[in-house]
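Participant: Sharing final04.pdb here; it has PDB, C-alpha atoms.
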```pdb
ATOM      1  CA  MET I   1      29.072   5.470   2.561
ATOM      2  CA  VAL I   2      25.419   5.863   3.543
ATOM      3  CA  THR I   3      24.042   9.376   3.755
ATOM      4  CA  LEU I   4      22.045   9.927   6.940
ATOM      5  CA  GLY I   5      18.958  11.934   5.995
ATOM      6  CA  VAL I   6      17.034  13.886   8.586
ATOM      7  CA  ARG I   7      14.282  15.629   6.626
ATOM      8  CA  ARG I   8      10.649  14.777   7.080
ATOM      9  CA  TRP I   9       8.623  13.249   4.243
ATOM     10  CA  GLU I  10       5.271  14.811   3.430
ATOM     11  CA  THR I  11       2.262  12.507   3.142
ATOM     12  CA  LEU I  12      -1.235  12.734   1.714
ATOM     13  CA  GLY I  13      -4.060  10.275   1.371
ATOM     14  CA  ASP I  14      -7.790   9.833   1.038
ATOM     15  CA  SER I  15     -10.439   7.233   0.334
ATOM     16  CA  VAL I  16     -13.737   7.556  -1.561
ATOM     17  CA  GLN I  17     -16.638   5.118  -1.472
ATOM     18  CA  GLY I  18     -17.553   3.548  -4.788
ATOM     19  CA  VAL I  19     -20.725   4.465  -6.628
ATOM     20  CA  ASN I  20     -23.688   2.364  -5.467
ATOM     21  CA  LYS I  21     -21.577   0.744  -2.734
ATOM     22  CA  ARG I  22     -23.178   0.444   0.688
ATOM     23  CA  HIS I  23     -19.884   0.706   2.553
ATOM     24  CA  ASN I  24     -16.307   1.641   1.783
ATOM     25  CA  GLN I  25     -14.288  -1.583   2.111
ATOM     26  CA  ASP I  26     -10.905   0.182   1.730
ATOM     27  CA  TRP I  27      -8.611   1.373   4.489
ATOM     28  CA  TYR I  28      -5.335   3.308   4.523
ATOM     29  CA  ALA I  29      -2.842   4.950   6.876
ATOM     30  CA  CYS I  30       0.385   6.974   6.841
ATOM     31  CA  GLU I  31       2.519   7.152   9.994
ATOM     32  CA  GLY I  32       6.012   8.369  10.810
ATOM     33  CA  THR I  33       8.410  10.910   9.359
ATOM     34  CA  GLY I  34      11.059   8.805   7.631
ATOM     35  CA  HIS I  35      13.759   9.561  10.201
ATOM     36  CA  GLY I  36      15.955   6.738  11.445
ATOM     37  CA  ASP I  37      14.086   6.460  14.747
ATOM     38  CA  ASP I  38      10.696   7.149  13.174
ATOM     39  CA  PRO I  39      10.330   5.290   9.853
ATOM     40  CA  LEU I  40       7.578   6.317   7.486
ATOM     41  CA  VAL I  41       5.040   3.528   7.021
ATOM     42  CA  LEU I  42       2.299   3.642   4.374
ATOM     43  CA  ALA I  43      -0.411   1.058   3.720
ATOM     44  CA  VAL I  44      -3.600   0.654   1.707
ATOM     45  CA  ALA I  45      -5.946  -2.339   1.784
ATOM     46  CA  ASP I  46      -8.976  -3.251  -0.316
ATOM     47  CA  GLY I  47     -11.540  -5.567   1.253
ATOM     48  CA  HIS I  48     -13.116  -7.889  -1.317
ATOM     49  CA  GLY I  49     -16.658  -6.832  -0.466
ATOM     50  CA  SER I  50     -18.784  -9.753  -1.726
ATOM     51  CA  ALA I  51     -21.185 -11.831   0.406
ATOM     52  CA  VAL I  52     -18.475 -14.451   0.956
ATOM     53  CA  HIS I  53     -16.274 -11.643   2.315
ATOM     54  CA  ALA I  54     -18.966  -9.894   4.343
ATOM     55  CA  ARG I  55     -16.537  -8.505   6.934
ATOM     56  CA  SER I  56     -13.817  -7.500   4.500
ATOM     57  CA  GLY I  57     -13.934  -3.849   5.521
ATOM     58  CA  LEU I  58     -12.767  -4.945   8.946
ATOM     59  CA  GLY I  59     -10.233  -7.244   7.313
ATOM     60  CA  ALA I  60      -8.768  -4.293   5.425
ATOM     61  CA  ARG I  61      -8.464  -2.304   8.623
ATOM     62  CA  PHE I  62      -6.818  -5.234  10.424
ATOM     63  CA  ALA I  63      -4.343  -5.563   7.538
ATOM     64  CA  VAL I  64      -3.329  -1.901   7.636
ATOM     65  CA  ASP I  65      -3.118  -1.776  11.430
ATOM     66  CA  ARG I  66      -0.937  -4.897  11.611
ATOM     67  CA  PHE I  67       1.281  -3.670   8.801
ATOM     68  CA  LEU I  68       1.850  -0.361  10.595
ATOM     69  CA  LEU I  69       3.141  -2.210  13.650
ATOM     70  CA  ARG I  70       5.324  -4.677  11.732
ATOM     71  CA  GLY I  71       6.538  -2.019   9.295
ATOM     72  CA  ALA I  72       7.592   0.413  12.014
ATOM     73  CA  GLU I  73       9.422  -2.398  13.813
ATOM     74  CA  PHE I  74      11.198  -3.346  10.588
ATOM     75  CA  GLY I  75      12.100   0.271   9.834
ATOM     76  CA  ARG I  76      13.673   0.763  13.244
ATOM     77  CA  ALA I  77      15.675  -2.438  12.761
ATOM     78  CA  ALA I  78      17.018  -0.955   9.519
ATOM     79  CA  ARG I  79      18.864   1.816  11.369
ATOM     80  CA  ASP I  80      21.978  -0.352  11.400
ATOM     81  CA  CYS I  81      21.581  -1.797   7.907
ATOM     82  CA  HIS I  82      24.921  -0.333   6.746
ATOM     83  CA  GLU I  83      26.850  -2.567   9.160
ATOM     84  CA  PRO I  84      28.652  -5.528   7.503
ATOM     85  CA  GLY I  85      26.239  -8.339   6.702
ATOM     86  CA  ARG I  86      23.238  -6.507   8.161
ATOM     87  CA  LEU I  87      21.674  -5.528   4.847
ATOM     88  CA  ALA I  88      21.695  -9.108   3.533
ATOM     89  CA  ARG I  89      20.082 -10.405   6.727
ATOM     90  CA  LEU I  90      17.408  -7.715   6.578
ATOM     91  CA  MET I  91      16.619  -8.586   2.970
ATOM     92  CA  THR I  92      16.234 -12.268   3.835
ATOM     93  CA  TYR I  93      13.910 -11.366   6.700
ATOM     94  CA  ALA I  94      11.906  -8.992   4.507
ATOM     95  CA  ARG I  95      11.517 -11.603   1.777
ATOM     96  CA  ASP I  96      10.809 -14.690   3.867
ATOM     97  CA  ASP I  97       9.884 -13.944   7.476
ATOM     98  CA  PHE I  98       8.093 -10.600   7.265
ATOM     99  CA  PRO I  99       5.264 -11.928   5.042
ATOM    100  CA  ARG I 100       4.733 -14.916   7.328
ATOM    101  CA  ALA I 101       4.638 -12.715  10.430
ATOM    102  CA  LEU I 102       2.257 -10.251   8.790
ATOM    103  CA  VAL I 103      -0.158 -12.954   7.609
ATOM    104  CA  HIS I 104      -0.029 -14.559  11.063
ATOM    105  CA  ASP I 105      -0.874 -11.223  12.725
ATOM    106  CA  TRP I 106      -3.762 -10.623  10.333
ATOM    107  CA  ARG I 107      -5.202 -14.102  10.829
ATOM    108  CA  GLU I 108      -5.040 -13.721  14.592
ATOM    109  CA  ALA I 109      -6.912 -10.428  14.346
ATOM    110  CA  ALA I 110      -9.589 -11.870  12.037
ATOM    111  CA  LEU I 111     -10.137 -15.067  14.016
ATOM    112  CA  GLY I 112     -10.138 -13.114  17.269
ATOM    113  CA  HIS I 113     -12.855 -10.852  15.922
ATOM    114  CA  TRP I 114     -14.845 -13.905  14.789
ATOM    115  CA  ALA I 115     -14.612 -15.429  18.261
ATOM    116  CA  ARG I 116     -15.919 -12.230  19.841
ATOM    117  CA  HIS I 117     -18.628 -11.598  17.232
ATOM    118  CA  ARG I 118     -20.022 -14.943  16.145
ATOM    119  CA  PRO I 119     -23.106 -14.634  13.942
ATOM    120  CA  VAL I 120     -26.379 -15.892  15.378
ATOM    121  CA  ALA I 121     -26.967 -19.426  14.063
ATOM    122  CA  ASP I 122     -29.516 -22.171  14.520
ATOM    123  CA  GLU I 123     -28.784 -24.503  17.408
ATOM    124  CA  GLY I 124     -26.717 -27.405  16.227
ATOM    125  CA  ALA I 125     -25.391 -25.582  13.140
ATOM    126  CA  LYS I 126     -21.984 -26.789  12.027
ATOM    127  CA  GLU I 127     -19.035 -24.629  13.012
ATOM    128  CA  PRO I 128     -17.523 -23.030   9.884
ATOM    129  CA  GLU I 129     -14.064 -24.164   8.836
ATOM    130  CA  GLN I 130     -11.197 -21.789   9.590
ATOM    131  CA  ASP I 131     -10.826 -20.971   5.896
ATOM    132  CA  GLN I 132     -14.479 -19.913   5.767
ATOM    133  CA  LYS I 133     -14.050 -17.654   8.771
ATOM    134  CA  LEU I 134     -10.963 -16.024   7.286
ATOM    135  CA  ALA I 135     -12.678 -15.561   3.917
ATOM    136  CA  LEU I 136     -15.210 -13.267   5.597
ATOM    137  CA  TYR I 137     -12.358 -10.807   6.220
ATOM    138  CA  GLY I 138     -10.605 -11.240   2.856
ATOM    139  CA  THR I 139      -8.553  -8.272   1.653
ATOM    140  CA  THR I 140      -5.594  -7.194  -0.416
ATOM    141  CA  LEU I 141      -2.736  -5.116   1.009
ATOM    142  CA  ILE I 142       0.083  -2.865  -0.180
ATOM    143  CA  GLY I 143       2.531  -1.507   2.378
ATOM    144  CA  ALA I 144       5.777   0.443   2.247
ATOM    145  CA  VAL I 145       8.506   1.416   4.716
ATOM    146  CA  LEU I 146      10.814   4.373   4.069
ATOM    147  CA  THR I 147      13.910   5.180   6.103
ATOM    148  CA  PRO I 148      16.983   7.290   5.263
ATOM    149  CA  TRP I 149      18.764   4.070   4.261
ATOM    150  CA  LEU I 150      16.122   1.767   2.871
ATOM    151  CA  PHE I 151      12.855   1.650   0.892
ATOM    152  CA  VAL I 152      10.950  -1.626   1.031
ATOM    153  CA  ALA I 153       7.417  -2.455  -0.092
ATOM    154  CA  TRP I 154       5.203  -5.530  -0.019
ATOM    155  CA  GLN I 155       2.011  -6.373  -1.882
ATOM    156  CA  ILE I 156      -0.559  -9.153  -1.994
ATOM    157  CA  GLY I 157      -3.393  -8.957  -4.483
ATOM    158  CA  ASP I 158      -4.314  -6.142  -6.828
ATOM    159  CA  GLY I 159      -3.756  -2.411  -6.519
ATOM    160  CA  ASP I 160      -0.700  -0.398  -7.483
ATOM    161  CA  LEU I 161       2.635   0.771  -6.145
ATOM    162  CA  ALA I 162       4.039   3.585  -8.288
ATOM    163  CA  VAL I 163       7.470   5.111  -7.686
ATOM    164  CA  VAL I 164       8.784   8.325  -9.234
ATOM    165  CA  GLU I 165      12.553   8.075  -8.989
ATOM    166  CA  HIS I 166      14.898  10.985  -8.256
ATOM    167  CA  ASP I 167      15.388  11.550 -11.996
ATOM    168  CA  GLY I 168      11.666  11.506 -12.841
ATOM    169  CA  ALA I 169      11.521   7.916 -14.108
ATOM    170  CA  LEU I 170       8.207   6.281 -13.203
ATOM    171  CA  ARG I 171       8.149   2.614 -12.204
ATOM    172  CA  ARG I 172       5.593   0.076 -10.982
ATOM    173  CA  PRO I 173       8.007  -2.348  -9.317
ATOM    174  CA  LEU I 174       5.381  -4.724  -7.893
ATOM    175  CA  ALA I 175       3.136  -4.964 -10.949
ATOM    176  CA  PRO I 176       2.499  -8.648 -11.739
ATOM    177  CA  SER I 177       3.743 -10.068 -15.027
ATOM    178  CA  GLU I 178       0.129 -10.913 -15.836
ATOM    179  CA  GLU I 179      -2.766  -8.831 -14.578
ATOM    180  CA  ASP I 180      -5.484 -10.600 -12.569
ATOM    181  CA  LEU I 181      -8.539 -11.487 -14.617
ATOM    182  CA  GLY I 182     -11.856  -9.897 -13.670
ATOM    183  CA  ASP I 183     -12.300  -9.631  -9.901
ATOM    184  CA  GLU I 184     -10.004 -12.564  -9.073
ATOM    185  CA  THR I 185      -7.016 -11.630  -6.951
ATOM    186  CA  GLU I 186      -4.659 -12.994  -4.333
ATOM    187  CA  SER I 187      -5.792 -12.371  -0.769
ATOM    188  CA  LEU I 188      -4.626 -12.384   2.819
ATOM    189  CA  CYS I 189      -7.292 -15.015   3.460
ATOM    190  CA  GLY I 190      -5.600 -17.492   1.092
ATOM    191  CA  ARG I 191      -4.335 -20.750   2.604
ATOM    192  CA  GLN I 192      -0.677 -19.900   1.930
ATOM    193  CA  ALA I 193      -1.032 -16.160   1.591
ATOM    194  CA  TRP I 194       2.578 -15.424   2.543
ATOM    195  CA  ARG I 195       3.737 -17.164  -0.629
ATOM    196  CA  ALA I 196       1.742 -14.679  -2.721
ATOM    197  CA  VAL I 197       3.367 -11.595  -1.149
ATOM    198  CA  ARG I 198       5.589  -9.677  -3.589
ATOM    199  CA  MET I 199       8.463  -7.535  -2.310
ATOM    200  CA  HIS I 200      10.323  -4.489  -3.637
ATOM    201  CA  TRP I 201      13.778  -4.011  -2.097
ATOM    202  CA  ALA I 202      15.666  -0.742  -2.661
ATOM    203  CA  PRO I 203      18.579   0.241  -0.378
ATOM    204  CA  VAL I 204      19.417   3.953  -0.356
ATOM    205  CA  PHE I 205      23.146   4.678  -0.516
ATOM    206  CA  ASP I 206      22.822   8.335  -1.544
ATOM    207  CA  GLU I 207      20.007  10.534  -0.245
ATOM    208  CA  ALA I 208      19.927  12.486  -3.502
ATOM    209  CA  ARG I 209      18.861   9.277  -5.290
ATOM    210  CA  THR I 210      15.943   8.560  -2.936
ATOM    211  CA  PRO I 211      12.600   8.285  -4.774
ATOM    212  CA  ARG I 212      10.863  11.641  -4.793
ATOM    213  CA  LEU I 213       7.324  10.225  -4.792
ATOM    214  CA  VAL I 214       5.856   6.907  -3.656
ATOM    215  CA  VAL I 215       2.182   6.219  -4.398
ATOM    216  CA  LEU I 216       0.080   3.329  -3.082
ATOM    217  CA  SER I 217      -3.462   2.925  -4.409
ATOM    218  CA  THR I 218      -6.251   0.367  -4.527
ATOM    219  CA  ASP I 219      -7.416  -0.913  -7.903
ATOM    220  CA  GLY I 220     -10.408   1.417  -7.914
ATOM    221  CA  LEU I 221      -7.985   4.048  -9.226
ATOM    222  CA  SER I 222      -6.198   2.096 -11.956
ATOM    223  CA  LYS I 223      -9.456   0.476 -13.138
ATOM    224  CA  SER I 224     -10.887   3.924 -13.871
ATOM    225  CA  PHE I 225      -8.510   4.358 -16.814
ATOM    226  CA  ALA I 226      -8.816   2.822 -20.255
ATOM    227  CA  SER I 227      -5.273   1.425 -20.046
ATOM    228  CA  ALA I 228      -2.188   1.232 -17.851
ATOM    229  CA  ASP I 229      -0.888   4.305 -19.673
ATOM    230  CA  GLY I 230      -3.731   6.340 -18.192
ATOM    231  CA  TYR I 231      -2.733   5.355 -14.680
ATOM    232  CA  ARG I 232       0.907   6.195 -15.363
ATOM    233  CA  GLU I 233      -0.119   9.615 -16.692
ATOM    234  CA  PHE I 234      -2.149  10.204 -13.533
ATOM    235  CA  VAL I 235       0.869   9.499 -11.329
ATOM    236  CA  ALA I 236       3.132  11.645 -13.524
ATOM    237  CA  GLY I 237       0.589  14.449 -13.314
ATOM    238  CA  LEU I 238       0.384  14.069  -9.553
ATOM    239  CA  ASP I 239       4.163  14.347  -9.372
ATOM    240  CA  GLY I 240       4.091  17.432 -11.588
ATOM    241  CA  ARG I 241       1.458  19.192  -9.522
ATOM    242  CA  LEU I 242       3.189  18.387  -6.249
ATOM    243  CA  THR I 243       6.422  19.817  -7.642
ATOM    244  CA  ALA I 244       4.779  22.904  -9.100
ATOM    245  CA  GLU I 245       2.131  23.681  -6.463
ATOM    246  CA  GLY I 246       3.192  21.942  -3.269
ATOM    247  CA  SER I 247       1.270  19.420  -1.238
ATOM    248  CA  ASP I 248      -1.434  21.635   0.264
ATOM    249  CA  GLY I 249      -3.278  22.286  -2.996
ATOM    250  CA  VAL I 250      -2.985  18.672  -4.116
ATOM    251  CA  ARG I 251      -4.197  17.444  -0.734
ATOM    252  CA  ALA I 252      -7.289  19.636  -1.030
ATOM    253  CA  SER I 253      -8.051  18.404  -4.557
ATOM    254  CA  LEU I 254      -7.375  14.707  -3.924
ATOM    255  CA  PRO I 255     -10.916  13.772  -2.763
ATOM    256  CA  GLN I 256     -12.349  15.228  -5.979
ATOM    257  CA  TRP I 257      -9.889  13.300  -8.155
ATOM    258  CA  LEU I 258     -10.563  10.038  -6.343
ATOM    259  CA  GLY I 259     -14.306  10.676  -6.501
ATOM    260  CA  GLN I 260     -14.092  11.083 -10.257
ATOM    261  CA  ALA I 261     -12.108   7.861 -10.514
ATOM    262  CA  SER I 262     -14.672   5.968  -8.441
ATOM    263  CA  GLN I 263     -17.442   7.106 -10.779
ATOM    264  CA  TYR I 264     -15.674   5.434 -13.690
ATOM    265  CA  SER I 265     -14.480   2.286 -11.908
ATOM    266  CA  GLY I 266     -17.541   1.919  -9.685
ATOM    267  CA  ASP I 267     -15.184   0.794  -6.916
ATOM    268  CA  ASP I 268     -13.922   2.214  -3.654
ATOM    269  CA  THR I 269     -10.840   4.274  -4.485
ATOM    270  CA  THR I 270      -7.987   4.932  -2.074
ATOM    271  CA  LEU I 271      -4.572   6.553  -2.387
ATOM    272  CA  ALA I 272      -1.727   7.138   0.055
ATOM    273  CA  ALA I 273       1.442   8.894  -1.045
ATOM    274  CA  ALA I 274       4.754  10.134   0.319
ATOM    275  CA  LEU I 275       6.616  13.114  -1.143
ATOM    276  CA  ARG I 276      10.325  13.566  -0.494
ATOM    277  CA  PRO I 277      11.158  17.124   0.566
ATOM    278  CA  VAL I 278      12.997  19.179  -2.049
ATOM    279  CA  GLY I 279      16.762  18.934  -1.570
ATOM    280  CA  PRO I 280      18.992  21.936  -0.976
ATOM    281  CA  VAL I 281      20.798  21.460  -4.278
ATOM    282  CA  GLY I 282      17.609  22.010  -6.261
ATOM    283  CA  GLU I 283      17.724  18.799  -8.274
ATOM    284  CA  ASP I 284      13.965  18.349  -7.826
ATOM    285  CA  THR I 285      12.794  21.664  -9.229
ATOM    286  CA  GLU I 286      11.376  20.649 -12.626
ATOM    287  CA  PRO I 287       7.867  19.168 -12.874
ATOM    288  CA  ALA I 288       7.778  15.596 -14.184
ATOM    289  CA  ALA I 289       4.628  16.120 -16.217
ATOM    290  CA  ASP I 290       2.160  18.740 -17.295
ATOM    291  CA  ALA I 291      -0.557  19.277 -14.702
ATOM    292  CA  GLY I 292      -3.118  18.531 -17.378
ATOM    293  CA  ALA I 293      -2.111  14.883 -17.236
ATOM    294  CA  MET I 294      -4.374  14.552 -14.212
ATOM    295  CA  ASP I 295      -7.332  14.750 -16.604
ATOM    296  CA  THR I 296      -6.146  11.952 -18.874
ATOM    297  CA  GLU I 297      -8.420   9.550 -20.737
ATOM    298  CA  ARG I 298     -10.855   7.571 -18.631
ATOM    299  CA  LYS I 299     -12.864   4.466 -19.285
ATOM    300  CA  THR I 300     -16.314   5.022 -20.645
ATOM    301  CA  GLU I 301     -19.039   3.931 -18.260
ATOM    302  CA  THR I 302     -20.797   0.662 -19.021
TER     303      THR I 302
END
```
The structure in this file should be written as structure tokens.

Facilitator:
Amino acid sequence: MVTLGVRRWETLGDSVQGVNKRHNQDWYACEGTGHGDDPLVLAVADGHGSAVHARSGLGARFAVDRFLLRGAEFGRAARDCHEPGRLARLMTYARDDFPRALVHDWREAALGHWARHRPVADEGAKEPEQDQKLALYGTTLIGAVLTPWLFVAWQIGDGDLAVVEHDGALRRPLAPSEEDLGDETESLCGRQAWRAVRMHWAPVFDEARTPRLVVLSTDGLSKSFASADGYREFVAGLDGRLTAEGSDGVRASLPQWLGQASQYSGDDTTLAAALRPVGPVGEDTEPAADAGAMDTERKTET
């Protein structure tokens, strides 16, 4: 039988502009409480930022804004997911239809902005192809929806989703089997972008087994470490500090941590996270990692 949770999730997030970057091309948002009628929706997006993607900061914002709307709608639909057959239908929608709808929404937003803000061009200049227009707004996206009954996340392109389970196990469920090479990554501006969307599906049948921490971050964070182990130690340390100190102190320190990461990666660095409130039984009382793990090995600057 499904446990109906009523406690509010805590959220924290911040974004830091990369060293020597003219503008921060990232965007993020956290909305909702995680209740059945008010799902928690998190999203981070990383605009590509090159000349070909000159409006990618706007593209990132469009991606997050559209995900918030679609994600909240999906979360409210999940209120009845424990009814016979409902969970299977929701999973099919989340896997197949949600990515298509999200990409469609984003493309409409990008092309609508283009139509309203055409660049000045010489008379008689050829109209750009639709793909060229969309490329201007190119961005990655990671989004998650948390309800008392369901945790679902989607990702296109680079960046990281890290989940600390109820027992302290740390997972990266949407990490690709092979990391993208260099700066190449999948994008919402791709011709069949919905096919590149990865999904994490995790029904919640017992509130005590709900993940205790969900972290979404752009690749400016993970690239600041010498290896994937460094990123995992950062997340474990974040979990430990949140458990030991509470969210207020971590929230105050987060801009400094992200700023340090951006100095090493040289990239805009953004993080959004959700912390499950401590249960009445006390199963979440032990830190997952020493707080010192936040200062783990970084890449040397080149």

Participant: Can you check which parts of range 212-274 of chain I lie within 10 Å of range 13-30 of chain I? Per residue, the shortest pair of atoms and distance in Å to one decimal, counting all atoms listed in the file, sorted by chain and number, as CSV.

Facilitator:
```
residue,atom,partner,partner_atom,distance
I:Val215,CA,I:Gly13,CA,9.4
I:Leu216,CA,I:Gly13,CA,9.2
I:Ser217,CA,I:Tyr28,CA,9.1
I:Thr218,CA,I:Asp26,CA,7.8
I:Gly220,CA,I:Gly18,CA,8.1
I:Arg251,CA,I:Gly13,CA,7.5
I:Leu254,CA,I:Asp14,CA,7.0
I:Pro255,CA,I:Asp14,CA,6.3
I:Gln256,CA,I:Val16,CA,9.0
I:Trp257,CA,I:Val16,CA,9.6
I:Leu258,CA,I:Val16,CA,6.3
I:Gly259,CA,I:Val16,CA,5.9
I:Gln260,CA,I:Val16,CA,9.4
I:Ala261,CA,I:Gly18,CA,9.0
I:Ser262,CA,I:Gly18,CA,5.2
I:Gln263,CA,I:Val19,CA,5.9
I:Tyr264,CA,I:Val19,CA,8.7
I:Ser265,CA,I:Gly18,CA,7.9
I:Gly266,CA,I:Val19,CA,5.1
I:Asp267,CA,I:Gly18,CA,4.2
I:Asp268,CA,I:Gly18,CA,4.0
I:Thr269,CA,I:Val16,CA,5.3
I:Thr270,CA,I:Ser15,CA,4.1
I:Leu271,CA,I:Gly13,CA,5.3
I:Ala272,CA,I:Gly13,CA,4.1
I:Ala273,CA,I:Gly13,CA,6.2
I:Ala274,CA,I:Cys30,CA,8.5
```

Participant: Name all residues at most 7 Å from Phe62 in chain I (count all atoms listed in the file; drop same-chain ones fewer than 3 positions away) and give them as a list in words.

Facilitator: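 Contacts, with the query itself left out: Leu58, Gly59, Asp65, Arg66, Trp106 and Ala109 of chain I.
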
Participant: Could you tell me which of I:His113, I:Leu170, I:Glu129, I:Trp154 comes closest to Arg95 in chain I if we count all atoms listed in the file?

Facilitator: I:Trp154

Participant: Of the candidates I:Val214, I:Ala226, I:Val64, I:Ala162, which one gets nearest to Leu102 in chain I if we count all atoms listed in the file?

Facilitator: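 The shortest atom-to-atom distance to Leu102 in chain I comes from I:Val64.
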
Participant: Given the file shown, determine the residues that the PyMOL selection byres ((chain I and resi 186-196) around 8) selects; report them as an MDAnalysis selection string.

Facilitator: chainID I and resid 99:100 103 106:107 131 134:135 137:141 156:158 184:185 197:198
